[in-house]
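Reviewing the structure listed below.
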Protein chains: 2
Amino acid sequence: MEDVLALVREHGGRVTSSRRLLLEALFDSPGHRTAEELAETVQAQAPDIALSTIYRNLEELEKLGVVVHSHLGHGPATYHLSEGAHCHFVCQDCGTAVEAPDELFTTLADAARDRYGFEIDTRHFAILGRCANCRKGNEP
Amino acid sequence: MEDVLALVREHGGRVTSSRRLLLEALFDSPGHRTAEELAETVQAQAPDIALSTIYRNLEELEKLGVVVHSHLGHGPATYHLSEGAHCHFVCQDCGTAVEAPDELFTTLADAARDRYGFEIDTRHFAILGRCANCRKGNEP
DNA sequence: GTGCTTGCAAACGTTTTGCAGACTC
DNA sequence: GAGTCTGCAAAACGTTTGCAAGCAC
């Protein structure tokens with residue numbers, strides 16, 4: 001957290017209260033949070049911080065490699081610290097996201113690299129499908 | 001093409017010129033086309049057809065199973081006939097889409113099903129990454 | 001004539017941007 | 001004081017919707 005602020009300063013950025021509060025929000029609940037959710041958390045302490053500031057700061061933190069965003073299907077992107085990045089299976093029916101360990105993708109990653117020279121990045125976009133529950137015909 | 005129009009009629013739909021032209025556009029160039037591109041093609045012959053009509057007709061054709069749409073990263077969704085559905089590798093840097101044969105995903109699909117009961121659908125959302133060219137450091 | 005379909009315009013949700021003022025260093 | 005950062009409002013983007021008129025059947 002302080003390391004990140006130091007990194008910001010190193011890159012010519014200023015340490016402002018909105019940046020500090022945003023980082024707190026990210027460190028405090030390391031799940032998948034949309035920009036709007038993060039804004040709410042931040043605004044609980046400083047109601048004047050605008051959503052556009054959140055977006056601008058998230059963008060900057062992403063440039064510094066501290067934060068990544070993923071697209072879990074339709075709807076808003078979710079942001080989280082880059083340390084805990086992982087791939088997701090997201091159910092098209094109920095929206096539930098399951099975290100998928102990287103080793104599941106080694107065969108696919110190898111095949112894509114060998115046959116197409118393509119290095120897959122399964123973290124940025126989720127893999128969609130249907131979860132066990134919804135496949136049984138349950139209500140989403 | 002006439003089969004599809006018959007199918008539309010079977011489901012209580014009417015055969016209109018916008019539907020006919022949209023289907024022509026889809027059959028003529030079977031690539032990945034955004035709603036806007038399809039609208040342009042249609043509007044070349046009938047300039048009054050609105051974009052919203054294209055969206056409504058694509059939705060209806062999707063309900064009938066004739067058309068599917070995929071999300072190839074950021075930007076607009078792309079539509080194509082469902083016959084030729086396949087998964088895509090899309091380069092995050094240059095946007096190039098490579099069609100990936102389904103067999104590449106059998107290992108992953110089996111693992112997801114066995115371990116999570118999750119049935120993956122690799123066609124609706126592309127898998128992102130970096131293509132051979134961009135990995136070499138070439139200009140996107 | 002019934003009722004599906006259309007064009008238009010306006011709304012939607014998410015994200016980006018332009019600007020003048022406020023802040024960090 | 002230089003240069004970054006901010007709030008606000010407005011725009012951008014792809015897509016959806018409400019409505020009255022128009023068309024297929």
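Letters A, B, ... go to the chains of the structure tokens in the order shown; residues in each chain start at 1; ligands are counted from 1 in the same order.
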
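Look at B:Leu7: the protein and nucleic acid residues within 10 Å of it, using only C-alpha atoms (C1' of nucleotides) and passing over chain neighbours fewer than 4 places away, are B:Met1, B:Glu2, B:Asp3, B:His11, B:Gly12, B:Gly13, B:Leu61, B:Leu64, B:Val66.
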
Could those selected residues go to a file with all heavy atoms, as a PDB file, in the first residue's frame?
ATOM      1  N   MET B   1     -31.204 -19.796 -46.885  1.00  0.00           N
ATOM      2  CA  MET B   1     -31.712 -18.414 -46.919  1.00  0.00           C
ATOM      3  C   MET B   1     -33.244 -18.393 -47.005  1.00  0.00           C
ATOM      4  O   MET B   1     -33.912 -17.797 -46.172  1.00  0.00           O
ATOM      5  CB  MET B   1     -31.063 -17.697 -48.120  1.00  0.00           C
ATOM      6  CG  MET B   1     -31.763 -16.458 -48.573  1.00  0.00           C
ATOM      7  SD  MET B   1     -30.975 -14.927 -48.023  1.00  0.00           S
ATOM      8  CE  MET B   1     -32.322 -13.787 -48.256  1.00  0.00           C
ATOM      9  N   GLU B   2     -33.802 -19.126 -48.006  1.00  0.00           N
ATOM     10  CA  GLU B   2     -35.267 -19.248 -48.054  1.00  0.00           C
ATOM     11  C   GLU B   2     -35.758 -20.102 -46.888  1.00  0.00           C
ATOM     12  O   GLU B   2     -36.837 -19.864 -46.344  1.00  0.00           O
ATOM     13  CB  GLU B   2     -35.732 -19.850 -49.388  1.00  0.00           C
ATOM     14  CG  GLU B   2     -35.542 -18.925 -50.595  1.00  0.00           C
ATOM     15  CD  GLU B   2     -36.172 -17.541 -50.410  1.00  0.00           C
ATOM     16  OE1 GLU B   2     -37.293 -17.458 -49.864  1.00  0.00           O
ATOM     17  OE2 GLU B   2     -35.535 -16.540 -50.801  1.00  0.00           O
ATOM     18  N   ASP B   3     -34.925 -21.081 -46.491  1.00  0.00           N
ATOM     19  CA  ASP B   3     -35.245 -21.917 -45.335  1.00  0.00           C
ATOM     20  C   ASP B   3     -35.423 -21.059 -44.092  1.00  0.00           C
ATOM     21  O   ASP B   3     -36.316 -21.284 -43.278  1.00  0.00           O
ATOM     22  CB  ASP B   3     -34.122 -22.918 -45.037  1.00  0.00           C
ATOM     23  CG  ASP B   3     -33.710 -23.697 -46.277  1.00  0.00           C
ATOM     24  OD1 ASP B   3     -34.292 -23.465 -47.357  1.00  0.00           O
ATOM     25  OD2 ASP B   3     -32.805 -24.537 -46.146  1.00  0.00           O
ATOM     26  N   HIS B  11     -42.634 -19.223 -37.051  1.00  0.00           N
ATOM     27  CA  HIS B  11     -42.698 -18.703 -35.685  1.00  0.00           C
ATOM     28  C   HIS B  11     -43.557 -17.448 -35.592  1.00  0.00           C
ATOM     29  O   HIS B  11     -43.421 -16.663 -34.665  1.00  0.00           O
ATOM     30  CB  HIS B  11     -41.288 -18.429 -35.150  1.00  0.00           C
ATOM     31  CG  HIS B  11     -40.590 -19.685 -34.738  1.00  0.00           C
ATOM     32  ND1 HIS B  11     -40.030 -20.557 -35.651  1.00  0.00           N
ATOM     33  CD2 HIS B  11     -40.386 -20.242 -33.515  1.00  0.00           C
ATOM     34  CE1 HIS B  11     -39.493 -21.578 -35.011  1.00  0.00           C
ATOM     35  NE2 HIS B  11     -39.690 -21.416 -33.715  1.00  0.00           N
ATOM     36  N   GLY B  12     -44.401 -17.263 -36.577  1.00  0.00           N
ATOM     37  CA  GLY B  12     -45.326 -16.131 -36.512  1.00  0.00           C
ATOM     38  C   GLY B  12     -44.728 -14.814 -36.968  1.00  0.00           C
ATOM     39  O   GLY B  12     -45.336 -13.765 -36.791  1.00  0.00           O
ATOM     40  N   GLY B  13     -43.518 -14.880 -37.533  1.00  0.00           N
ATOM     41  CA  GLY B  13     -42.886 -13.649 -37.994  1.00  0.00           C
ATOM     42  C   GLY B  13     -43.236 -13.346 -39.440  1.00  0.00           C
ATOM     43  O   GLY B  13     -43.668 -14.232 -40.175  1.00  0.00           O
ATOM     44  N   LEU B  61     -33.241 -13.446 -35.084  1.00  0.00           N
ATOM     45  CA  LEU B  61     -32.537 -14.532 -35.764  1.00  0.00           C
ATOM     46  C   LEU B  61     -31.705 -15.338 -34.778  1.00  0.00           C
ATOM     47  O   LEU B  61     -31.507 -16.542 -34.943  1.00  0.00           O
ATOM     48  CB  LEU B  61     -31.644 -13.973 -36.872  1.00  0.00           C
ATOM     49  CG  LEU B  61     -32.375 -13.397 -38.089  1.00  0.00           C
ATOM     50  CD1 LEU B  61     -31.401 -12.690 -39.018  1.00  0.00           C
ATOM     51  CD2 LEU B  61     -33.133 -14.482 -38.827  1.00  0.00           C
ATOM     52  N   LEU B  64     -33.948 -17.754 -33.051  1.00  0.00           N
ATOM     53  CA  LEU B  64     -34.279 -18.883 -33.917  1.00  0.00           C
ATOM     54  C   LEU B  64     -33.083 -19.794 -34.150  1.00  0.00           C
ATOM     55  O   LEU B  64     -33.195 -20.816 -34.821  1.00  0.00           O
ATOM     56  CB  LEU B  64     -34.807 -18.373 -35.263  1.00  0.00           C
ATOM     57  CG  LEU B  64     -36.113 -17.579 -35.223  1.00  0.00           C
ATOM     58  CD1 LEU B  64     -36.483 -17.095 -36.618  1.00  0.00           C
ATOM     59  CD2 LEU B  64     -37.245 -18.427 -34.651  1.00  0.00           C
ATOM     60  N   VAL B  66     -30.382 -19.092 -35.867  1.00  0.00           N
ATOM     61  CA  VAL B  66     -29.756 -18.912 -37.182  1.00  0.00           C
ATOM     62  C   VAL B  66     -28.443 -18.152 -37.060  1.00  0.00           C
ATOM     63  O   VAL B  66     -27.493 -18.400 -37.783  1.00  0.00           O
ATOM     64  CB  VAL B  66     -30.719 -18.141 -38.114  1.00  0.00           C
ATOM     65  CG1 VAL B  66     -30.077 -17.885 -39.468  1.00  0.00           C
ATOM     66  CG2 VAL B  66     -32.018 -18.899 -38.262  1.00  0.00           C
TER      67      VAL B  66
END

Counting only C-alpha atoms (C1' of nucleotides), which residues in chain B sit no more than 8 Å from chain D? For each one, give the nearest pair of atoms and the distance in Å, sorted by chain then residue number, as a Markdown table.
| residue | atom | partner | partner_atom | distance |
| --- | --- | --- | --- | --- |
| B:Arg14 | CA | D:DA24 | C1' | 5.9 |
| B:Val15 | CA | D:DA24 | C1' | 7.1 |
| B:Thr16 | CA | D:DA24 | C1' | 7.5 |
| B:Gly75 | CA | D:DG14 | C1' | 7.8 |
| B:Pro76 | CA | D:DG14 | C1' | 6.2 |

Would you save the residues of that selection, restricted to N, CA and C atoms, as a PDB file, in the first residue's frame?
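Now in result.pdb:
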ATOM      1  N   ARG B  14     -43.076 -12.082 -39.838  1.00  0.00           N
ATOM      2  CA  ARG B  14     -43.347 -11.704 -41.215  1.00  0.00           C
ATOM      3  C   ARG B  14     -42.053 -11.606 -41.991  1.00  0.00           C
ATOM      4  N   VAL B  15     -42.152 -11.847 -43.270  1.00  0.00           N
ATOM      5  CA  VAL B  15     -40.995 -11.711 -44.138  1.00  0.00           C
ATOM      6  C   VAL B  15     -40.992 -10.297 -44.704  1.00  0.00           C
ATOM      7  N   THR B  16     -40.076  -9.501 -44.213  1.00  0.00           N
ATOM      8  CA  THR B  16     -40.018  -8.110 -44.655  1.00  0.00           C
ATOM      9  C   THR B  16     -38.726  -7.874 -45.426  1.00  0.00           C
ATOM     10  N   GLY B  75     -15.057  -3.298 -27.671  1.00  0.00           N
ATOM     11  CA  GLY B  75     -15.728  -2.883 -28.879  1.00  0.00           C
ATOM     12  C   GLY B  75     -16.993  -3.681 -29.135  1.00  0.00           C
ATOM     13  N   PRO B  76     -17.615  -3.394 -30.262  1.00  0.00           N
ATOM     14  CA  PRO B  76     -18.926  -3.957 -30.559  1.00  0.00           C
ATOM     15  C   PRO B  76     -18.902  -5.467 -30.746  1.00  0.00           C
TER      16      PRO B  76
END

Pull the closest atom pair for each residue of chain B that gets at most 12 Å from chain C, along with the distance in Å to one decimal, counting only C-alpha atoms (C1' of nucleotides), ordering rows by chain and then ascending residue number, as a Markdown table.
| residue | atom | partner | partner_atom | distance |
| --- | --- | --- | --- | --- |
| B:Val8 | CA | C:DC4 | C1' | 11.8 |
| B:Arg9 | CA | C:DC4 | C1' | 11.1 |
| B:His11 | CA | C:DC4 | C1' | 11.3 |
| B:Gly12 | CA | C:DC4 | C1' | 8.3 |
| B:Gly13 | CA | C:DC4 | C1' | 6.8 |
| B:Arg14 | CA | C:DC4 | C1' | 6.8 |
| B:Val15 | CA | C:DT5 | C1' | 9.7 |
| B:Thr16 | CA | C:DT5 | C1' | 8.1 |
| B:Ser17 | CA | C:DT5 | C1' | 10.6 |
| B:Ser18 | CA | C:DT6 | C1' | 9.2 |
| B:Arg19 | CA | C:DT5 | C1' | 10.1 |
| B:Pro47 | CA | C:DG7 | C1' | 11.3 |
| B:Asp48 | CA | C:DG7 | C1' | 7.7 |
| B:Ile49 | CA | C:DG7 | C1' | 7.5 |
| B:Ala50 | CA | C:DG7 | C1' | 6.3 |
| B:Leu51 | CA | C:DG7 | C1' | 9.5 |
| B:Ser52 | CA | C:DG7 | C1' | 8.7 |
| B:Thr53 | CA | C:DT6 | C1' | 7.1 |
| B:Ile54 | CA | C:DT6 | C1' | 10.6 |
| B:Arg56 | CA | C:DT5 | C1' | 9.7 |
| B:Asn57 | CA | C:DT5 | C1' | 9.8 |
| B:Glu60 | CA | C:DT5 | C1' | 11.9 |

Write out as JSON lines the residues of chain A that have any atom within 7 Å of an atom of chain B, one row each with the nearest atom pair and its distance in Å to one decimal, counting only C-alpha atoms, sorted by chain and then rising number.
{"residue": "A:Leu104", "atom": "CA", "partner": "B:Leu108", "partner_atom": "CA", "distance": 6.3}
{"residue": "A:Phe105", "atom": "CA", "partner": "B:Leu108", "partner_atom": "CA", "distance": 6.4}
{"residue": "A:Leu108", "atom": "CA", "partner": "B:Leu104", "partner_atom": "CA", "distance": 6.3}
{"residue": "A:Ala111", "atom": "CA", "partner": "B:Leu104", "partner_atom": "CA", "distance": 7.0}
{"residue": "A:Gly117", "atom": "CA", "partner": "B:Ala132", "partner_atom": "CA", "distance": 4.6}
{"residue": "A:Phe118", "atom": "CA", "partner": "B:Cys131", "partner_atom": "CA", "distance": 4.5}
{"residue": "A:Glu119", "atom": "CA", "partner": "B:Arg130", "partner_atom": "CA", "distance": 5.2}
{"residue": "A:Ile120", "atom": "CA", "partner": "B:Gly129", "partner_atom": "CA", "distance": 4.1}
{"residue": "A:Asp121", "atom": "CA", "partner": "B:Gly129", "partner_atom": "CA", "distance": 4.5}
{"residue": "A:Thr122", "atom": "CA", "partner": "B:Ile127", "partner_atom": "CA", "distance": 6.6}
{"residue": "A:Phe125", "atom": "CA", "partner": "B:Leu128", "partner_atom": "CA", "distance": 6.8}
{"residue": "A:Ile127", "atom": "CA", "partner": "B:Thr122", "partner_atom": "CA", "distance": 6.6}
{"residue": "A:Leu128", "atom": "CA", "partner": "B:Asp121", "partner_atom": "CA", "distance": 5.6}
{"residue": "A:Gly129", "atom": "CA", "partner": "B:Ile120", "partner_atom": "CA", "distance": 4.1}
{"residue": "A:Arg130", "atom": "CA", "partner": "B:Glu119", "partner_atom": "CA", "distance": 5.2}
{"residue": "A:Cys131", "atom": "CA", "partner": "B:Phe118", "partner_atom": "CA", "distance": 4.5}
{"residue": "A:Ala132", "atom": "CA", "partner": "B:Gly117", "partner_atom": "CA", "distance": 4.6}

Give me a file of those residues, with all heavy atoms, as a short mmCIF file (atom, residue, chain, number, x, y, z; two decimals), in the first residue's frame.
data_model
loop_
_atom_site.label_atom_id
_atom_site.label_comp_id
_atom_site.auth_asym_id
_atom_site.auth_seq_id
_atom_site.Cartn_x
_atom_site.Cartn_y
_atom_site.Cartn_z
N LEU A 104 -5.09 -25.47 -15.19
CA LEU A 104 -6.12 -25.99 -16.08
C LEU A 104 -5.87 -25.60 -17.53
O LEU A 104 -6.33 -26.25 -18.47
CB LEU A 104 -7.48 -25.41 -15.66
CG LEU A 104 -8.60 -26.38 -15.34
CD1 LEU A 104 -8.19 -27.32 -14.21
CD2 LEU A 104 -9.86 -25.63 -14.91
N PHE A 105 -5.12 -24.50 -17.70
CA PHE A 105 -4.98 -23.94 -19.04
C PHE A 105 -3.66 -24.29 -19.71
O PHE A 105 -3.41 -23.85 -20.83
CB PHE A 105 -5.14 -22.43 -18.99
CG PHE A 105 -6.49 -22.02 -18.49
CD1 PHE A 105 -6.69 -21.75 -17.15
CD2 PHE A 105 -7.55 -21.96 -19.36
CE1 PHE A 105 -7.95 -21.41 -16.69
CE2 PHE A 105 -8.81 -21.63 -18.90
CZ PHE A 105 -9.01 -21.35 -17.56
N LEU A 108 -4.00 -26.03 -23.13
CA LEU A 108 -4.49 -25.09 -24.14
C LEU A 108 -3.43 -24.05 -24.48
O LEU A 108 -3.19 -23.73 -25.65
CB LEU A 108 -5.75 -24.40 -23.62
CG LEU A 108 -6.31 -23.27 -24.48
CD1 LEU A 108 -6.72 -23.80 -25.85
CD2 LEU A 108 -7.49 -22.61 -23.80
N ALA A 111 -0.73 -25.56 -26.65
CA ALA A 111 -1.21 -25.81 -28.01
C ALA A 111 -1.32 -24.50 -28.79
O ALA A 111 -0.92 -24.42 -29.96
CB ALA A 111 -2.57 -26.52 -27.98
N GLY A 117 1.59 -19.63 -32.36
CA GLY A 117 2.46 -18.59 -31.82
C GLY A 117 1.70 -17.62 -30.95
O GLY A 117 2.14 -16.51 -30.70
N PHE A 118 0.53 -18.06 -30.49
CA PHE A 118 -0.37 -17.17 -29.76
C PHE A 118 -0.25 -17.42 -28.26
O PHE A 118 -0.42 -18.53 -27.79
CB PHE A 118 -1.80 -17.41 -30.23
CG PHE A 118 -2.76 -16.34 -29.79
CD1 PHE A 118 -2.99 -15.24 -30.59
CD2 PHE A 118 -3.43 -16.46 -28.59
CE1 PHE A 118 -3.87 -14.25 -30.20
CE2 PHE A 118 -4.31 -15.48 -28.18
CZ PHE A 118 -4.53 -14.37 -28.98
N GLU A 119 0.05 -16.36 -27.54
CA GLU A 119 0.20 -16.47 -26.08
C GLU A 119 -1.12 -16.07 -25.43
O GLU A 119 -1.47 -14.89 -25.44
CB GLU A 119 1.33 -15.53 -25.63
CG GLU A 119 1.74 -15.70 -24.18
CD GLU A 119 2.53 -16.98 -23.96
OE1 GLU A 119 3.44 -17.27 -24.77
OE2 GLU A 119 2.21 -17.69 -22.98
N ILE A 120 -1.85 -17.03 -24.91
CA ILE A 120 -3.17 -16.67 -24.39
C ILE A 120 -3.06 -16.00 -23.02
O ILE A 120 -2.13 -16.24 -22.26
CB ILE A 120 -4.13 -17.89 -24.29
CG1 ILE A 120 -3.63 -18.91 -23.28
CG2 ILE A 120 -4.34 -18.51 -25.65
CD1 ILE A 120 -4.61 -20.01 -23.01
N ASP A 121 -4.02 -15.12 -22.77
CA ASP A 121 -4.11 -14.44 -21.49
C ASP A 121 -5.53 -14.67 -20.99
O ASP A 121 -6.45 -13.97 -21.37
CB ASP A 121 -3.83 -12.96 -21.67
CG ASP A 121 -4.19 -12.15 -20.43
OD1 ASP A 121 -4.43 -12.77 -19.37
OD2 ASP A 121 -4.24 -10.92 -20.51
N THR A 122 -5.67 -15.66 -20.15
CA THR A 122 -7.02 -16.05 -19.75
C THR A 122 -7.55 -15.21 -18.61
O THR A 122 -8.63 -15.45 -18.11
CB THR A 122 -7.03 -17.53 -19.31
OG1 THR A 122 -5.96 -17.73 -18.40
CG2 THR A 122 -6.89 -18.44 -20.50
N PHE A 125 -10.20 -11.69 -19.91
CA PHE A 125 -11.58 -11.98 -20.23
C PHE A 125 -11.95 -13.34 -19.64
O PHE A 125 -11.19 -14.29 -19.75
CB PHE A 125 -11.81 -12.02 -21.74
CG PHE A 125 -12.06 -10.66 -22.32
CD1 PHE A 125 -11.00 -9.81 -22.57
CD2 PHE A 125 -13.35 -10.23 -22.58
CE1 PHE A 125 -11.24 -8.54 -23.09
CE2 PHE A 125 -13.58 -8.98 -23.09
CZ PHE A 125 -12.53 -8.14 -23.35
N ILE A 127 -13.97 -16.90 -19.13
CA ILE A 127 -14.48 -17.92 -20.03
C ILE A 127 -15.93 -18.19 -19.62
O ILE A 127 -16.19 -18.51 -18.45
CB ILE A 127 -13.62 -19.20 -19.93
CG1 ILE A 127 -12.23 -18.87 -20.44
CG2 ILE A 127 -14.29 -20.34 -20.68
CD1 ILE A 127 -11.41 -20.05 -20.85
N LEU A 128 -16.83 -18.03 -20.55
CA LEU A 128 -18.23 -18.21 -20.20
C LEU A 128 -18.70 -19.64 -20.42
O LEU A 128 -18.06 -20.41 -21.12
CB LEU A 128 -19.11 -17.23 -20.98
CG LEU A 128 -19.34 -15.96 -20.17
CD1 LEU A 128 -18.10 -15.09 -20.20
CD2 LEU A 128 -20.55 -15.22 -20.64
N GLY A 129 -19.83 -19.94 -19.81
CA GLY A 129 -20.40 -21.27 -19.96
C GLY A 129 -21.60 -21.40 -19.06
O GLY A 129 -22.30 -20.42 -18.80
N ARG A 130 -21.82 -22.60 -18.57
CA ARG A 130 -22.98 -22.83 -17.73
C ARG A 130 -22.54 -23.62 -16.50
O ARG A 130 -21.86 -24.64 -16.63
CB ARG A 130 -24.02 -23.61 -18.52
CG ARG A 130 -25.44 -23.09 -18.39
CD ARG A 130 -26.31 -23.66 -19.49
NE ARG A 130 -25.88 -23.21 -20.81
CZ ARG A 130 -26.19 -22.02 -21.33
NH1 ARG A 130 -26.94 -21.18 -20.67
NH2 ARG A 130 -25.75 -21.69 -22.53
N CYS A 131 -22.93 -23.15 -15.33
CA CYS A 131 -22.46 -23.80 -14.11
C CYS A 131 -23.30 -25.04 -13.81
O CYS A 131 -24.37 -25.25 -14.38
CB CYS A 131 -22.51 -22.83 -12.94
SG CYS A 131 -24.17 -22.48 -12.35
N ALA A 132 -22.80 -25.85 -12.91
CA ALA A 132 -23.43 -27.13 -12.57
C ALA A 132 -24.90 -26.93 -12.22
O ALA A 132 -25.78 -27.66 -12.69
CB ALA A 132 -22.68 -27.78 -11.40
#

Could you pull out all residues of chain A with a DSSP call of helix (DSSP H, G or I) and give them as a ChimeraX atom specification?
/A:2-10,17-28,35-45,51-63,82-84,102-116,132-135

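Going from atom CA of A:Ala44 over to atom CA of A:Leu22, you cover 11.3 Å.
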
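Take atom CA of B:Tyr79 and atom CA of B:Val67: the distance between them is 6.8 Å.
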
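Taking atom CA of B:Gly137 as the reference point, atom CA of A:Glu59 is found at 23.2 Å.
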
Neighbour list for B:Ser29 as a PyMOL selection string, cut-off 12 Å, only C-alpha atoms (C1' of nucleotides), skip fewer than 5 positions in-chain:
chain B and resi 22-24+34+37-38+41+79-81+84

Atoms to include: C-alpha atoms. Write the selected residues as an mmCIF file, in the first residue's frame.
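File written: out26.cif
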data_model
loop_
_atom_site.group_PDB
_atom_site.id
_atom_site.type_symbol
_atom_site.label_atom_id
_atom_site.label_comp_id
_atom_site.auth_asym_id
_atom_site.auth_seq_id
_atom_site.Cartn_x
_atom_site.Cartn_y
_atom_site.Cartn_z
ATOM 1 C CA LEU B 22 -30.043 -8.592 -43.512
ATOM 2 C CA LEU B 23 -29.982 -12.293 -44.298
ATOM 3 C CA GLU B 24 -28.395 -11.569 -47.657
ATOM 4 C CA THR B 34 -20.709 -5.833 -36.329
ATOM 5 C CA GLU B 37 -21.268 -3.029 -40.640
ATOM 6 C CA LEU B 38 -24.307 -5.113 -41.421
ATOM 7 C CA THR B 41 -24.401 -3.248 -46.211
ATOM 8 C CA TYR B 79 -22.543 -11.475 -35.628
ATOM 9 C CA HIS B 80 -22.358 -14.468 -37.933
ATOM 10 C CA LEU B 81 -24.334 -17.478 -39.046
ATOM 11 C CA GLY B 84 -19.719 -21.591 -38.836
#

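The residues of chain A that DSSP classifies as strand (DSSP E or B), using the backbone of this structure, are A:Arg33, A:Thr34, A:Val67, A:Val68, A:His69, A:Ser70, A:His71, A:Thr78, A:Tyr79, A:His80, A:Leu81, A:Cys87, A:His88, A:Phe89, A:Val90, A:Cys91, A:Ala97, A:Val98, A:Glu99, A:Ala100, A:Glu119, A:Ile120, A:Phe125, A:Ile127, A:Leu128, A:Gly129, A:Arg130.
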